[in-house]
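Have a look at run_29.txt below; it lists compact mmCIF, C-alpha atoms and all ligand atoms.
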```txt
# COMPACT_ATOMS: atom_id res chain seq x y z
CA MET B 238 135.40 160.78 263.92
CA ALA B 239 138.17 158.17 263.82
CA GLN B 240 135.45 155.57 263.29
CA LYS B 241 134.27 157.42 260.20
CA THR B 242 137.75 157.67 258.70
CA GLU B 243 138.37 153.94 259.17
CA GLN B 244 135.04 153.10 257.65
CA SER B 245 135.87 154.99 254.52
CA LEU B 246 139.25 153.30 254.45
CA ALA B 247 137.48 149.93 254.57
CA GLU B 248 135.20 150.99 251.75
CA ARG B 249 138.06 152.18 249.62
CA LEU B 250 139.95 148.99 250.36
CA ILE B 251 137.02 146.82 249.35
CA ALA B 252 136.66 148.87 246.19
CA GLY B 253 140.22 147.82 245.31
CA ASP B 254 141.98 151.13 245.97
CA LYS B 255 145.72 150.38 246.06
CA ARG B 256 146.55 153.27 248.36
CA ALA B 257 143.88 152.21 250.84
CA LEU B 258 145.34 148.71 250.84
CA ALA B 259 148.85 150.05 251.40
CA ARG B 260 147.63 152.25 254.25
CA ALA B 261 145.71 149.36 255.83
CA ILE B 262 148.78 147.12 255.77
CA THR B 263 150.85 149.87 257.36
CA LEU B 264 148.31 150.13 260.19
CA ILE B 265 148.64 146.39 260.73
CA GLU B 266 152.43 146.53 260.64
CA ASN B 267 152.37 149.25 263.28
CA ASP B 268 150.05 147.14 265.40
CA ASP B 269 147.60 150.04 265.29
CA PRO B 270 144.20 149.03 266.74
CA ALA B 271 142.58 150.70 263.72
CA GLY B 272 144.27 148.05 261.60
CA TRP B 273 142.78 145.17 263.58
CA GLU B 274 139.41 146.88 263.47
CA LEU B 275 139.71 147.14 259.72
CA VAL B 276 140.48 143.44 259.34
CA ARG B 277 137.46 142.68 261.51
CA GLU B 278 135.31 144.78 259.24
CA VAL B 279 136.48 143.40 255.91
CA PHE B 280 136.95 139.77 256.99
CA PRO B 281 133.53 138.66 255.65
CA ARG B 282 134.77 139.75 252.22
CA THR B 283 137.74 137.39 252.29
CA GLY B 284 138.03 133.87 251.00
CA ARG B 285 137.70 134.67 247.34
CA ALA B 286 141.33 135.12 246.35
CA ARG B 287 143.49 132.26 245.24
CA ILE B 288 146.39 132.16 247.68
CA VAL B 289 149.54 130.79 246.12
CA GLY B 290 152.67 130.31 248.23
CA LEU B 291 155.99 130.26 246.41
CA THR B 292 158.98 129.08 248.30
CA GLY B 293 162.52 127.91 247.69
CA PRO B 294 166.15 128.73 248.37
CA PRO B 295 167.42 132.23 247.68
CA GLY B 296 168.54 132.93 244.14
CA VAL B 297 166.48 130.25 242.40
CA GLY B 298 164.43 132.94 240.67
CA LYS B 299 161.29 133.24 242.78
CA SER B 300 160.95 136.98 242.31
CA THR B 301 161.59 136.76 238.59
CA LEU B 302 159.05 133.98 238.40
CA ILE B 303 156.43 135.93 240.33
CA GLY B 304 157.02 138.86 237.98
CA ALA B 305 156.46 136.56 234.99
CA LEU B 306 153.44 134.88 236.60
CA THR B 307 151.98 138.30 237.30
CA THR B 308 152.31 139.19 233.62
CA GLU B 309 150.55 135.92 232.80
CA MET B 310 147.69 136.63 235.23
CA ARG B 311 147.29 140.16 233.95
CA LYS B 312 146.89 138.78 230.42
CA ALA B 313 143.93 136.84 231.81
CA ASP B 314 142.69 140.07 233.37
CA ARG B 315 143.22 138.85 236.91
CA ASP B 316 144.19 141.30 239.66
CA VAL B 317 147.31 140.32 241.54
CA ALA B 318 148.86 141.01 244.92
CA VAL B 319 152.37 139.96 245.82
CA LEU B 320 153.45 139.61 249.42
CA SER B 321 157.16 139.09 249.78
CA ILE B 322 158.35 137.86 253.12
CA ASP B 323 161.78 139.23 253.74
CA PRO B 324 163.71 137.07 256.17
CA SER B 325 166.66 139.39 256.52
CA SER B 326 165.33 142.46 258.18
CA PRO B 327 162.48 143.49 260.42
CA PHE B 328 162.68 146.94 258.83
CA THR B 329 161.48 146.18 255.36
CA ARG B 330 158.62 148.55 255.09
CA GLY B 331 159.16 150.97 252.28
CA ALA B 332 162.45 149.38 251.39
CA LEU B 333 162.96 148.57 247.78
CA LEU B 334 164.84 145.32 247.92
CA GLY B 335 167.18 144.40 245.13
CA ASP B 336 165.05 141.52 244.00
CA ARG B 337 161.84 143.55 244.17
CA ILE B 338 163.18 145.52 241.25
CA ARG B 339 162.36 142.47 239.15
CA LEU B 340 158.74 143.27 239.78
CA SER B 341 159.16 146.89 238.75
CA ASP B 342 157.40 146.37 235.43
CA HIS B 343 154.23 146.06 237.44
CA PHE B 344 154.58 148.97 239.86
CA LEU B 345 152.44 151.33 237.82
CA ASP B 346 149.73 148.79 237.03
CA ALA B 347 146.58 149.52 239.07
CA GLY B 348 145.74 145.81 238.98
CA VAL B 349 148.96 144.79 240.73
CA PHE B 350 149.88 145.41 244.35
CA ILE B 351 153.33 144.56 245.70
CA ARG B 352 154.49 144.65 249.28
CA SER B 353 157.34 143.16 251.26
CA MET B 354 157.24 142.52 254.98
CA ALA B 355 159.45 141.22 257.74
CA SER B 356 159.28 137.51 258.24
CA ARG B 357 159.14 136.15 261.69
CA GLY B 358 156.39 136.24 264.22
CA ALA B 359 157.06 136.19 267.95
CA LEU B 360 156.81 132.41 268.00
CA GLY B 361 158.40 131.83 264.62
CA GLY B 362 156.13 131.21 261.70
CA LEU B 363 154.85 133.98 259.54
CA SER B 364 154.29 137.15 261.49
CA GLU B 365 150.79 138.08 262.59
CA ALA B 366 151.02 141.12 260.37
CA THR B 367 151.80 138.97 257.34
CA LEU B 368 148.70 136.89 257.78
CA GLN B 369 146.52 139.95 258.23
CA ALA B 370 148.09 141.57 255.18
CA ALA B 371 147.14 138.56 253.08
CA LEU B 372 143.56 138.86 254.34
CA LEU B 373 143.48 142.54 253.42
CA MET B 374 144.75 141.76 249.93
CA ASP B 375 142.04 139.16 249.57
CA ALA B 376 139.37 141.61 250.81
CA SER B 377 140.53 144.20 248.32
CA GLY B 378 139.37 141.94 245.51
CA LYS B 379 142.66 140.50 244.27
CA ASP B 380 142.17 137.33 242.26
CA ASP B 381 145.61 136.00 243.03
CA VAL B 382 147.71 136.58 246.12
CA PHE B 383 151.28 135.34 245.71
CA ILE B 384 153.12 134.92 248.98
CA GLU B 385 156.85 134.54 248.53
CA THR B 386 158.97 133.07 251.29
CA VAL B 387 162.69 132.50 251.15
CA GLY B 388 164.75 129.70 252.50
CA VAL B 389 164.95 126.02 252.91
CA GLY B 390 163.32 124.63 255.99
CA GLN B 391 160.98 126.19 258.47
CA ALA B 392 159.84 129.13 256.36
CA GLU B 393 158.68 126.69 253.72
CA ILE B 394 156.78 124.68 256.22
CA ASP B 395 155.09 127.76 257.63
CA ILE B 396 153.79 128.81 254.25
CA VAL B 397 151.91 125.53 253.93
CA ASP B 398 149.55 126.72 256.62
CA HIS B 399 148.58 129.76 254.65
CA GLY B 400 148.25 128.88 251.00
CA ASP B 401 145.81 127.03 248.77
CA THR B 402 148.56 125.94 246.43
CA ILE B 403 152.24 125.72 247.29
CA VAL B 404 154.87 125.99 244.58
CA LEU B 405 158.39 124.89 245.47
CA VAL B 406 160.92 126.57 243.23
CA LEU B 407 164.26 124.83 242.74
CA MET B 408 167.11 125.19 240.30
CA PRO B 409 169.39 122.70 238.62
CA GLY B 410 172.83 122.00 239.94
CA SER B 411 171.94 122.73 243.52
CA GLY B 412 172.39 119.76 245.81
CA ASP B 413 170.83 121.76 248.63
CA SER B 414 167.50 121.63 246.92
CA ILE B 415 167.44 117.85 246.72
CA GLN B 416 168.60 117.58 250.31
CA ALA B 417 165.79 119.85 251.43
CA LEU B 418 163.32 117.87 249.41
CA LYS B 419 164.48 114.67 251.09
CA ALA B 420 164.43 116.23 254.53
CA GLY B 421 160.68 116.39 254.58
CA VAL B 422 160.01 119.43 252.48
CA MET B 423 158.91 116.83 249.94
CA GLU B 424 155.43 116.72 251.39
CA ILE B 425 154.96 120.42 251.04
CA PRO B 426 154.77 121.29 247.36
CA ASP B 427 151.69 120.93 245.19
CA VAL B 428 153.69 122.00 242.18
CA ILE B 429 157.46 121.87 241.72
CA CYS B 430 159.06 124.39 239.44
CA VAL B 431 162.57 123.82 238.17
CA ASN B 432 163.63 127.29 237.15
CA LYS B 433 166.75 128.22 235.17
CA ALA B 434 165.96 125.30 232.90
CA ASP B 435 168.59 126.68 230.53
CA HIS B 436 171.10 125.02 232.86
CA PRO B 437 172.67 121.78 231.50
CA MET B 438 171.88 119.88 234.72
CA THR B 439 168.13 120.38 234.34
CA ASP B 440 167.27 116.84 233.21
CA THR B 441 169.37 115.31 235.99
CA MET B 442 167.66 117.53 238.51
CA ILE B 443 164.21 116.56 237.32
CA ARG B 444 165.13 112.86 237.48
CA GLU B 445 166.35 113.34 241.05
CA ILE B 446 163.16 115.14 242.05
CA ARG B 447 161.04 112.37 240.50
CA GLY B 448 163.08 109.86 242.48
CA VAL B 449 162.46 111.69 245.75
CA LEU B 450 158.77 112.17 245.02
CA SER B 451 158.32 108.49 244.25
CA LEU B 452 159.33 107.70 247.84
CA GLY B 453 156.29 109.56 249.14
CA PRO B 454 152.87 108.06 249.73
CA PRO B 455 150.51 107.86 246.75
CA THR B 456 148.11 110.79 246.63
CA SER B 457 145.16 111.84 244.52
CA TRP B 458 147.20 114.74 243.16
CA ARG B 459 150.41 113.90 241.32
CA VAL B 460 152.86 116.75 241.93
CA PRO B 461 153.78 118.10 238.49
CA ILE B 462 157.32 119.25 237.78
CA VAL B 463 157.36 122.28 235.51
CA ARG B 464 160.52 123.59 233.90
CA THR B 465 160.73 127.33 233.50
CA GLU B 466 163.10 130.03 232.38
CA ALA B 467 161.59 132.84 234.36
CA ALA B 468 163.99 135.44 233.00
CA LYS B 469 162.65 134.77 229.48
CA GLY B 470 159.11 133.94 230.53
CA GLU B 471 159.45 130.40 229.20
CA GLY B 472 157.32 127.71 230.78
CA VAL B 473 155.51 130.31 232.86
CA ALA B 474 152.18 129.80 231.09
CA GLU B 475 152.45 126.10 231.88
CA LEU B 476 153.26 126.88 235.52
CA ALA B 477 150.20 129.13 235.71
CA GLU B 478 148.18 126.29 234.21
CA LYS B 479 149.42 123.77 236.77
CA ILE B 480 148.61 126.16 239.61
CA ALA B 481 145.08 126.53 238.23
CA GLU B 482 144.76 122.76 237.77
CA HIS B 483 145.81 122.11 241.34
CA ARG B 484 143.34 124.63 242.62
CA ALA B 485 140.56 123.07 240.51
CA HIS B 486 141.56 119.63 241.78
CA ILE B 487 141.36 120.51 245.48
CA GLU B 488 138.16 122.42 244.89
CA ALA B 489 136.54 119.44 243.18
CA GLU B 490 137.86 117.02 245.77
CA GLY B 491 136.73 119.16 248.70
CA THR B 492 140.23 119.54 250.13
CA LEU B 493 140.29 123.28 249.46
CA GLU B 494 137.67 123.75 252.13
CA GLU B 495 139.53 121.43 254.47
CA ARG B 496 142.79 123.25 253.90
CA ARG B 497 141.21 126.59 254.50
CA ALA B 498 139.48 125.41 257.64
CA ARG B 499 142.78 124.05 258.92
CA ASN B 500 144.60 127.25 257.96
CA LEU B 501 142.09 129.48 259.72
CA ARG B 502 142.14 127.32 262.82
CA ASN B 503 145.93 127.53 262.85
CA GLU B 504 145.74 131.24 262.44
CA VAL B 505 143.47 131.65 265.43
CA LEU B 506 145.75 129.48 267.54
CA GLU B 507 148.84 131.37 266.40
CA LEU B 508 147.28 134.70 267.23
CA ALA B 509 146.07 133.51 270.60
CA ALA B 510 149.45 131.97 271.42
CA SER B 511 151.44 135.04 270.50
CA ARG B 512 149.09 137.29 272.47
CA MET B 513 149.30 134.98 275.43
CA ARG B 514 153.06 135.12 275.25
CA ARG B 515 153.03 138.89 275.15
CA ARG B 516 150.76 138.98 278.17
CA LEU B 517 153.02 136.63 280.07
CA GLU B 518 156.09 138.64 279.16
CA ALA B 519 154.37 141.80 280.32
CA ALA B 520 153.46 140.06 283.58
CA VAL B 521 157.10 139.11 284.10
CA GLY B 522 158.09 142.73 283.70
CA ASP B 523 155.31 144.26 285.79
CA ASP B 524 154.48 141.83 288.51
CA ALA B 525 156.86 141.50 291.48
CA SER B 526 155.37 138.15 292.48
CA VAL B 527 156.03 136.73 289.00
CA ARG B 528 159.62 137.94 289.18
CA GLU B 529 159.88 136.30 292.57
CA LEU B 530 158.50 133.08 291.13
CA LEU B 531 161.16 133.13 288.41
CA ASP B 532 163.85 133.88 290.97
CA ARG B 533 162.78 130.82 292.89
CA VAL B 534 163.34 128.74 289.77
CA VAL B 535 166.81 130.24 289.40
CA LYS B 536 167.53 129.32 293.03
CA ARG B 537 166.24 125.82 292.25
CA GLU B 538 163.55 126.06 294.87
CA ILE B 539 160.86 125.29 292.30
CA ASP B 540 161.13 123.49 288.97
CA PRO B 541 160.36 125.24 285.64
CA ALA B 542 157.22 123.22 284.86
CA SER B 543 155.66 123.94 288.25
CA ALA B 544 156.45 127.64 287.82
CA ALA B 545 154.86 127.63 284.35
CA LYS B 546 151.76 125.96 285.75
CA ASP B 547 151.58 128.56 288.50
CA LEU B 548 151.96 131.35 285.92
CA LEU B 549 149.14 129.97 283.75
CA GLU B 550 146.85 129.52 286.72
CA ARG B 551 147.34 133.18 287.59
CA GLU B 552 146.44 134.11 283.99
CA ASP B 553 143.24 132.12 284.25
CA GLY B 554 142.34 133.65 287.55
P1 LIG B 601 165.01 134.72 244.22
O1 LIG B 601 166.07 135.04 245.22
O2 LIG B 601 164.62 133.29 244.30
O3 LIG B 601 163.84 135.65 244.28
O4 LIG B 601 165.69 134.88 242.77
P2 LIG B 601 165.65 136.09 241.74
O5 LIG B 601 164.34 136.16 241.06
O6 LIG B 601 166.14 137.30 242.45
O7 LIG B 601 166.70 135.60 240.66
C1 LIG B 601 168.06 135.34 240.98
C2 LIG B 601 168.90 135.49 239.73
O8 LIG B 601 168.58 134.47 238.78
C3 LIG B 601 168.66 136.80 238.99
O9 LIG B 601 169.89 137.31 238.55
C4 LIG B 601 167.78 136.41 237.83
O10 LIG B 601 167.93 137.27 236.72
C5 LIG B 601 168.28 135.03 237.51
N1 LIG B 601 167.30 134.19 236.84
C6 LIG B 601 165.97 134.12 237.09
N2 LIG B 601 165.38 133.25 236.24
C7 LIG B 601 166.36 132.74 235.46
C8 LIG B 601 166.38 131.76 234.40
O11 LIG B 601 165.35 131.18 234.01
N3 LIG B 601 167.59 131.49 233.86
C9 LIG B 601 168.74 132.10 234.28
N4 LIG B 601 169.88 131.74 233.71
N5 LIG B 601 168.76 133.02 235.24
C10 LIG B 601 167.59 133.34 235.85
```

Would you mind writing the file out in structure tokens?
Ligand code: GDP
Amino acid sequence: MAQKTEQSLAERLIAGDKRALARAITLIENDDPAGWELVREVFPRTGRARIVGLTGPPGVGKSTLIGALTTEMRKADRDVAVLSIDPSSPFTRGALLGDRIRLSDHFLDAGVFIRSMASRGALGGLSEATLQAALLMDASGKDDVFIETVGVGQAEIDIVDHGDTIVLVLMPGSGDSIQALKAGVMEIPDVICVNKADHPMTDTMIREIRGVLSLGPPTSWRVPIVRTEAAKGEGVAELAEKIAEHRAHIEAEGTLEERRARNLRNEVLELAASRMRRRLEAAVGDDASVRELLDRVVKREIDPASAAKDLLEREDG
């Protein structure tokens, strides 16, 4: 009976039913086995959506920009899903975040699906649920999946493993942005967007970004810097164009396939690693001999690496 219900959920999801997609993501968030089963079923349908990661410090205008990009994509009759990764709270489901309101123009549009989720997985990185949610969005026939992550640093690096095109959003007059760019984030973006281009420091900012980019190795794709005023929708068409150009470039060059292969491999490893960790943690709780092993480390009778080796050997056995 349950089997039948899930099957019809999969069918509705594949047909692009927004409510089915929302329900499916909730199953995943709740770690409900029906959710994993659903992903298994619809996975062959994935791989068609264009996955665009947008990242950058808080307040630069990412949400506003995604709202404006969504409008742009809808003009081209493309279906859009937005996945917002909320770093602040693990309890985001159903919450209407302040910045999500900027997407409210699109809430009633059947061709637009918006969802925010908690950020971190057990081992850092995007949570397992986030990755599965993106797959479900893809399976439901969305043309564009925008994944928004906040912050400077690790979150930006994580997104690289899950997108076809990565847009780094910065704003003028923020030294942080340039620092982040220098600190290695530079290699991440495929497109840089300088939002709030109404700010007088915009030209200076763009010069600084060019300077930082010129320090990097030469590549077949020259990272374009697009200036936008998301709040007014200015420059957004050009940003959409650059995203499409990048995608066409990596498709033609063959790197899209490479990226996706790498991303999927990473995803498998991440899932396996986080499950392994859960198993080990459960073993620590349940198994008296594992607790004893850990106690022996505390008493300095056995070193941590030897204990870890012992633990893994038990898992294998
Ligand atoms: P996020 O935290 O990166 O998602 O940023 P938001 O989209 O929430 O935007 C932060 C603030 O910047 C909001 O008050 C926006 O209205 C404002 N904002 C967004 N785009 C622009 C812009 O192009 N110019 C100006 N002056 N303000 C903007």

Expressed in Å to a single decimal, how great is the separation between atom CA of Leu320 of chain B and atom CA of Val387 of chain B?
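Taking atom CA of Leu320 of chain B and atom CA of Val387 of chain B, their separation equals 11.8 Å.
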
Using only C-alpha atoms, which residue out of B:Ala489, B:Met310, B:Val473, B:Met442 lies closest to Trp458 of chain B?
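That would be B:Ala489, the residue with the smallest distance to Trp458 of chain B.
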
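Our summary of the geometry notes that atom CA of Leu302 of chain B is positioned 26.8 Å from atom CA of Ala257 of chain B.
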
Enumerate as a PyMOL selection string the residues within 7 Å of ligand LIG 601 (chain B), counting all atoms listed in the file.
chain B and resi 293-302+336+339+432-436+465-469

Atom CA of Leu250 of chain B and atom CA of Phe350 of chain B, how far apart in Å?
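Rounded to one decimal, the two atoms are 12.1 Å apart.
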
Which residue of B:Arg352, B:Arg282, B:Arg444, B:His343 approaches Ser321 of chain B most closely, using only C-alpha atoms
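Selected residue with least distance to Ser321 of chain B: B:Arg352.
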
Using only C-alpha atoms, can you tell me which of B:Arg484, B:Lys479, B:Arg315, B:Arg502 comes closest to Asp398 of chain B?
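For Asp398 of chain B, the nearest of the candidates is B:Arg502.
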
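With only C-alpha atoms as the atoms that count, the residue of B:Glu507, B:Lys536, B:Leu548, B:His399 with the shortest distance to Val521 of chain B is B:Leu548.
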
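Nearest to Glu248 of chain B of all the residues B:Ile265, B:Gly378, B:Gly284, B:Ile322 is B:Gly378, based on only C-alpha atoms.
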
So, counting only C-alpha atoms, which residue among B:Ala318, B:Val449, B:Ala305, B:Ile429 is closest to Gly253 of chain B?
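Closest residue, counting only C-alpha atoms: B:Ala318.
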
Complete the atoms of segment 458-472 of chain B to N, CA and C atoms and put them out as a PDB file, keeping the file's coordinate frame.
```
ATOM      1  N   TRP B 458     146.590 113.724 244.019  1.00  0.00           N
ATOM      2  CA  TRP B 458     147.200 114.740 243.160  1.00  0.00           C
ATOM      3  C   TRP B 458     148.651 114.370 242.912  1.00  0.00           C
ATOM      4  N   ARG B 459     149.024 114.208 241.633  1.00  0.00           N
ATOM      5  CA  ARG B 459     150.410 113.900 241.320  1.00  0.00           C
ATOM      6  C   ARG B 459     151.160 115.215 241.121  1.00  0.00           C
ATOM      7  N   VAL B 460     152.145 115.467 241.965  1.00  0.00           N
ATOM      8  CA  VAL B 460     152.860 116.750 241.930  1.00  0.00           C
ATOM      9  C   VAL B 460     153.561 116.931 240.580  1.00  0.00           C
ATOM     10  N   PRO B 461     153.122 117.903 239.789  1.00  0.00           N
ATOM     11  CA  PRO B 461     153.780 118.100 238.490  1.00  0.00           C
ATOM     12  C   PRO B 461     155.108 118.844 238.651  1.00  0.00           C
ATOM     13  N   ILE B 462     156.039 118.528 237.789  1.00  0.00           N
ATOM     14  CA  ILE B 462     157.320 119.250 237.780  1.00  0.00           C
ATOM     15  C   ILE B 462     157.344 120.087 236.505  1.00  0.00           C
ATOM     16  N   VAL B 463     157.396 121.386 236.676  1.00  0.00           N
ATOM     17  CA  VAL B 463     157.360 122.280 235.510  1.00  0.00           C
ATOM     18  C   VAL B 463     158.732 122.913 235.336  1.00  0.00           C
ATOM     19  N   ARG B 464     159.257 122.885 234.107  1.00  0.00           N
ATOM     20  CA  ARG B 464     160.520 123.590 233.900  1.00  0.00           C
ATOM     21  C   ARG B 464     160.251 124.989 233.354  1.00  0.00           C
ATOM     22  N   THR B 465     160.921 125.954 233.950  1.00  0.00           N
ATOM     23  CA  THR B 465     160.730 127.330 233.500  1.00  0.00           C
ATOM     24  C   THR B 465     162.067 128.034 233.285  1.00  0.00           C
ATOM     25  N   GLU B 466     162.018 129.053 232.450  1.00  0.00           N
ATOM     26  CA  GLU B 466     163.100 130.030 232.380  1.00  0.00           C
ATOM     27  C   GLU B 466     162.431 131.365 232.654  1.00  0.00           C
ATOM     28  N   ALA B 467     162.362 131.668 233.939  1.00  0.00           N
ATOM     29  CA  ALA B 467     161.590 132.840 234.360  1.00  0.00           C
ATOM     30  C   ALA B 467     162.079 134.112 233.676  1.00  0.00           C
ATOM     31  N   ALA B 468     163.406 134.218 233.559  1.00  0.00           N
ATOM     32  CA  ALA B 468     163.990 135.440 233.000  1.00  0.00           C
ATOM     33  C   ALA B 468     163.475 135.684 231.575  1.00  0.00           C
ATOM     34  N   LYS B 469     163.163 134.608 230.843  1.00  0.00           N
ATOM     35  CA  LYS B 469     162.650 134.770 229.480  1.00  0.00           C
ATOM     36  C   LYS B 469     161.148 134.554 229.398  1.00  0.00           C
ATOM     37  N   GLY B 470     160.555 134.191 230.514  1.00  0.00           N
ATOM     38  CA  GLY B 470     159.110 133.940 230.530  1.00  0.00           C
ATOM     39  C   GLY B 470     158.743 132.560 230.004  1.00  0.00           C
ATOM     40  N   GLU B 471     159.758 131.718 229.767  1.00  0.00           N
ATOM     41  CA  GLU B 471     159.450 130.400 229.200  1.00  0.00           C
ATOM     42  C   GLU B 471     158.941 129.422 230.241  1.00  0.00           C
ATOM     43  N   GLY B 472     157.899 128.700 229.871  1.00  0.00           N
ATOM     44  CA  GLY B 472     157.320 127.710 230.780  1.00  0.00           C
ATOM     45  C   GLY B 472     156.376 128.327 231.807  1.00  0.00           C
TER      46      GLY B 472
END
```
